[in-house]
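The next block holds one structure in the form of structure tokens; read it before the comments.
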Amino acid sequence: MKKLMFVLGSVVLLGACATPSTEVGIALFSDTVQPLMVTGNSGTKVGRACGKNYLGLFITGDMSVDAAKKDGKITQVTSVDKEIKGYALYAEVCTVVRGK
């Protein structure tokens with residue numbers, strides 16, 4: 001029983017390191033989208049650029065607007081959103097660009 005409690009406690013503590021913060025706070029599990037910029041124009045193309053966090057120890061990725069524009073082959077940006085997904089020991093934050 002002590003071993004199980006130690007493992008569960010370790011998962012919670014390490015998970016807190018990998019959990020991204022959002023406008024509504026920090027949670028062990030999260031799946032949110034936050035608007036960052038909207039121009040009022042419409043666009044049909046979508047590009048994504050993501051960064052990933054493993055165990056709160058390793059962070060990798062390019063989540064810049066330029067990387068998202070390149071991914072979606074976008075020349076004129078109409079909106080930018082931030083998607084945040086956190087699952088205990090893994091987190092992903094993506095910049096989502098829409099445009100023409």
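Chain labels run A, B, ... following the order of the structure tokens; each chain numbers its residues from 1, and ligands are numbered from 1 in the order shown.
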Non-local contacts of Ser64 (chain A) (7 Å; only C-alpha atoms; under 4 positions in same chain excluded) as a PyMOL selection string: chain A and resi 49+68+95
Residue nearest Lys70 (chain A) among A:Lys85, A:Lys45, A:Lys52, A:Lys3 (counting only C-alpha atoms): A:Lys45
Minimum-distance residue to Gly43 (chain A), chosen among A:Gln76, A:Leu57, A:Ile84, A:Tyr90 (using only C-alpha atoms): A:Gln76
Distance in Å - CA of Tyr87 (chain A) versus CA of Phe58 (chain A): 14.9 Å
